[in-house]
Amino acid sequence: MASVSAAHPCAAPALRPADEIGRLYGEHHRWLLGWLRAKLGCPHQAADLAQDIFVRLLVHRLGSGFGDGSDAAAPREPRAYLVTVAGRLVANHFRRLSLERAWLDALATLPEAQLPSAEQHAMARQALHRLDAALAGLSDRARRAFLLSQIDGQDYARVAVALGVTERSVKRYMAQAFEAYILAVE
């Protein structure tokens, strides 16, 4: 008796990555949009993030071979999968808003003559977003080590005590943080 292979005429054809994401979009976009609206409180931001989620999924899946029979199969629980991806983007969104608020608060303390030009302001915001993205990719300890050292001005010995690690570990965390930042600005 011959075994049934994936190429069997009765077998469902494997979907291309774009088709699989299209199906996921068609079946779950409206639901995801409602979930995002509830989290963000703004239909425009929710729509932007929903689109961003599906674009990211498509880019990721095209790179991983989603739908071509590889290990990157369609999620078994699409809504749970989408909530996980969306949750990360919502957290990033709120972190960026917090960062921008802190920047604007710092600017508010400056005399008008020292305020940056619109171009300098835009460049600073872009740099803050790159730094935020770089720090988001680090482990919690590496991120905390960087912030304690560079923002709070603590030396490595104090950072080590605060984190409960050795000074050598702090040096390693700092190297990771600086590498992530350098890669983010290139």
# chains A, B, ... in the order shown; residues from 1 in each chain; ligands from 1
call {"tool": "residues_around", "arguments": {"residues": "Arg125 in chain A", "least_positions_apart": "6", "cutoff": "10 Å", "atoms": "only C-alpha atoms", "output": "list in words"}}
result
Arg96, Leu99, Glu100, Trp103, Leu104, Glu119 and Leu131 of chain A
call {"tool": "closest_atom_pairs", "arguments": {"of": "range 121-157 of chain A", "to": "range 81-92 of chain A", "cutoff": "12 Å", "atoms": "only C-alpha atoms", "output": "tab-separated table"}}
result
residue	atom	partner	partner_atom	distance
A:His129	CA	A:Asn92	CA	10.2
A:Asp132	CA	A:Asn92	CA	8.9
A:Ala133	CA	A:Asn92	CA	8.5
A:Ala134	CA	A:Asn92	CA	11.9
A:Leu135	CA	A:Asn92	CA	11.3
A:Ala136	CA	A:Asn92	CA	8.4
A:Gly137	CA	A:Asn92	CA	11.2
call {"tool": "closest_residue", "arguments": {"among": "A:Ile151, A:His93, A:Phe178, A:Glu112", "to": "Leu40 in chain A", "atoms": "only C-alpha atoms"}}
result
A:His93
call {"tool": "residues_around", "arguments": {"residues": "Arg172 in chain A", "least_positions_apart": "5", "cutoff": "9 Å", "atoms": "only C-alpha atoms", "output": "PyMOL selection string"}}
result
chain A and resi 142+167+177
call {"tool": "write_last_selection", "arguments": {"atoms": "N, CA, C and O atoms", "output": "PDB file, in the first residue's frame"}}
result
ATOM      1  N   ALA A 142      20.786  43.488  31.953  1.00  0.00           N
ATOM      2  CA  ALA A 142      21.628  44.331  31.099  1.00  0.00           C
ATOM      3  C   ALA A 142      20.987  45.710  30.935  1.00  0.00           C
ATOM      4  O   ALA A 142      21.674  46.735  31.000  1.00  0.00           O
ATOM      5  N   GLU A 167      30.950  42.634  39.576  1.00  0.00           N
ATOM      6  CA  GLU A 167      31.322  43.765  38.736  1.00  0.00           C
ATOM      7  C   GLU A 167      31.661  43.293  37.321  1.00  0.00           C
ATOM      8  O   GLU A 167      31.389  43.988  36.338  1.00  0.00           O
ATOM      9  N   ALA A 177      24.910  46.199  26.162  1.00  0.00           N
ATOM     10  CA  ALA A 177      24.072  47.382  25.954  1.00  0.00           C
ATOM     11  C   ALA A 177      24.698  48.318  24.927  1.00  0.00           C
ATOM     12  O   ALA A 177      24.010  48.818  24.029  1.00  0.00           O
TER      13      ALA A 177
END
call {"tool": "closest_residue", "arguments": {"among": "A:Pro116, A:Pro78, A:Pro111, A:Pro43", "to": "Arg23 in chain A", "atoms": "only C-alpha atoms"}}
result
A:Pro78
call {"tool": "atom_distance", "arguments": {"atom1": "CA of Leu147 in chain A", "atom2": "CA of Leu115 in chain A"}}
result
24.9 Å
call {"tool": "atom_distance", "arguments": {"atom1": "CA of Phe54 in chain A", "atom2": "CA of Ala124 in chain A"}}
result
28.9 Å
call {"tool": "closest_residue", "arguments": {"among": "A:Leu128, A:Val165, A:Val170, A:Leu24", "to": "Arg143 in chain A", "atoms": "only C-alpha atoms"}}
result
A:Val170
call {"tool": "residues_around", "arguments": {"residues": "Met174 in chain A", "least_positions_apart": "3", "cutoff": "12 Å", "atoms": "only C-alpha atoms", "output": "ChimeraX atom specification"}}
result
/A:135,138-139,141-150,155-156,159-160,167-171,177-181
call {"tool": "atom_distance", "arguments": {"atom1": "CA of Leu183 in chain A", "atom2": "CA of Gly164 in chain A"}}
result
27.9 Å
call {"tool": "residues_around", "arguments": {"residues": "His29 in chain A", "least_positions_apart": "4", "cutoff": "10 Å", "atoms": "only C-alpha atoms", "output": "ChimeraX atom specification"}}
result
/A:22-25,33-35,47,50-51,53-54,79,82
call {"tool": "decode", "arguments": {"residues": "range 145-164 of chain A", "atoms": "N, CA, C and O atoms", "output": "mmCIF file, in the first residue's frame"}}
result
data_model
loop_
_atom_site.group_PDB
_atom_site.id
_atom_site.type_symbol
_atom_site.label_atom_id
_atom_site.label_comp_id
_atom_site.auth_asym_id
_atom_site.auth_seq_id
_atom_site.Cartn_x
_atom_site.Cartn_y
_atom_site.Cartn_z
ATOM 1 N N ALA A 145 21.381 47.555 34.254
ATOM 2 C CA ALA A 145 22.783 47.955 34.443
ATOM 3 C C ALA A 145 23.083 49.205 33.625
ATOM 4 O O ALA A 145 23.706 50.162 34.130
ATOM 5 N N PHE A 146 22.646 49.223 32.386
ATOM 6 C CA PHE A 146 22.879 50.375 31.520
ATOM 7 C C PHE A 146 22.219 51.628 32.092
ATOM 8 O O PHE A 146 22.844 52.698 32.168
ATOM 9 N N LEU A 147 20.964 51.515 32.494
ATOM 10 C CA LEU A 147 20.252 52.679 33.016
ATOM 11 C C LEU A 147 20.859 53.177 34.326
ATOM 12 O O LEU A 147 21.005 54.391 34.522
ATOM 13 N N LEU A 148 21.222 52.260 35.221
ATOM 14 C CA LEU A 148 21.840 52.669 36.480
ATOM 15 C C LEU A 148 23.169 53.381 36.239
ATOM 16 O O LEU A 148 23.479 54.374 36.890
ATOM 17 N N SER A 149 23.924 52.885 35.286
ATOM 18 C CA SER A 149 25.227 53.482 34.996
ATOM 19 C C SER A 149 25.106 54.788 34.226
ATOM 20 O O SER A 149 25.675 55.808 34.621
ATOM 21 N N GLN A 150 24.372 54.767 33.131
ATOM 22 C CA GLN A 150 24.360 55.916 32.231
ATOM 23 C C GLN A 150 23.354 56.998 32.600
ATOM 24 O O GLN A 150 23.597 58.170 32.338
ATOM 25 N N ILE A 151 22.248 56.620 33.210
ATOM 26 C CA ILE A 151 21.237 57.612 33.575
ATOM 27 C C ILE A 151 21.408 58.067 35.022
ATOM 28 O O ILE A 151 21.400 59.251 35.309
ATOM 29 N N ASP A 152 21.599 57.106 35.928
ATOM 30 C CA ASP A 152 21.742 57.455 37.342
ATOM 31 C C ASP A 152 23.178 57.800 37.721
ATOM 32 O O ASP A 152 23.426 58.265 38.827
ATOM 33 N N GLY A 153 24.120 57.523 36.833
ATOM 34 C CA GLY A 153 25.521 57.892 37.081
ATOM 35 C C GLY A 153 26.242 57.025 38.095
ATOM 36 O O GLY A 153 27.252 57.442 38.658
ATOM 37 N N GLN A 154 25.752 55.813 38.333
ATOM 38 C CA GLN A 154 26.402 54.938 39.307
ATOM 39 C C GLN A 154 27.610 54.254 38.677
ATOM 40 O O GLN A 154 27.595 53.924 37.494
ATOM 41 N N ASP A 155 28.647 54.049 39.490
ATOM 42 C CA ASP A 155 29.807 53.306 38.973
ATOM 43 C C ASP A 155 29.470 51.820 38.954
ATOM 44 O O ASP A 155 28.454 51.381 39.499
ATOM 45 N N TYR A 156 30.323 51.032 38.296
ATOM 46 C CA TYR A 156 30.037 49.616 38.114
ATOM 47 C C TYR A 156 29.927 48.864 39.432
ATOM 48 O O TYR A 156 29.131 47.931 39.553
ATOM 49 N N ALA A 157 30.690 49.261 40.438
ATOM 50 C CA ALA A 157 30.634 48.588 41.743
ATOM 51 C C ALA A 157 29.239 48.761 42.358
ATOM 52 O O ALA A 157 28.657 47.802 42.877
ATOM 53 N N ARG A 158 28.700 49.973 42.296
ATOM 54 C CA ARG A 158 27.357 50.223 42.848
ATOM 55 C C ARG A 158 26.282 49.503 42.037
ATOM 56 O O ARG A 158 25.312 49.003 42.588
ATOM 57 N N VAL A 159 26.458 49.484 40.717
ATOM 58 C CA VAL A 159 25.501 48.775 39.864
ATOM 59 C C VAL A 159 25.500 47.296 40.224
ATOM 60 O O VAL A 159 24.439 46.674 40.320
ATOM 61 N N ALA A 160 26.693 46.741 40.442
ATOM 62 C CA ALA A 160 26.813 45.320 40.804
ATOM 63 C C ALA A 160 26.045 45.034 42.094
ATOM 64 O O ALA A 160 25.320 44.037 42.183
ATOM 65 N N VAL A 161 26.196 45.893 43.078
ATOM 66 C CA VAL A 161 25.492 45.706 44.354
ATOM 67 C C VAL A 161 23.981 45.809 44.138
ATOM 68 O O VAL A 161 23.212 44.985 44.648
ATOM 69 N N ALA A 162 23.565 46.807 43.369
ATOM 70 C CA ALA A 162 22.124 47.003 43.132
ATOM 71 C C ALA A 162 21.500 45.808 42.421
ATOM 72 O O ALA A 162 20.352 45.450 42.704
ATOM 73 N N LEU A 163 22.270 45.187 41.523
ATOM 74 C CA LEU A 163 21.729 44.049 40.773
ATOM 75 C C LEU A 163 22.017 42.702 41.437
ATOM 76 O O LEU A 163 21.497 41.679 40.997
ATOM 77 N N GLY A 164 22.879 42.713 42.443
ATOM 78 C CA GLY A 164 23.231 41.457 43.095
ATOM 79 C C GLY A 164 24.095 40.561 42.223
ATOM 80 O O GLY A 164 23.935 39.336 42.236
#
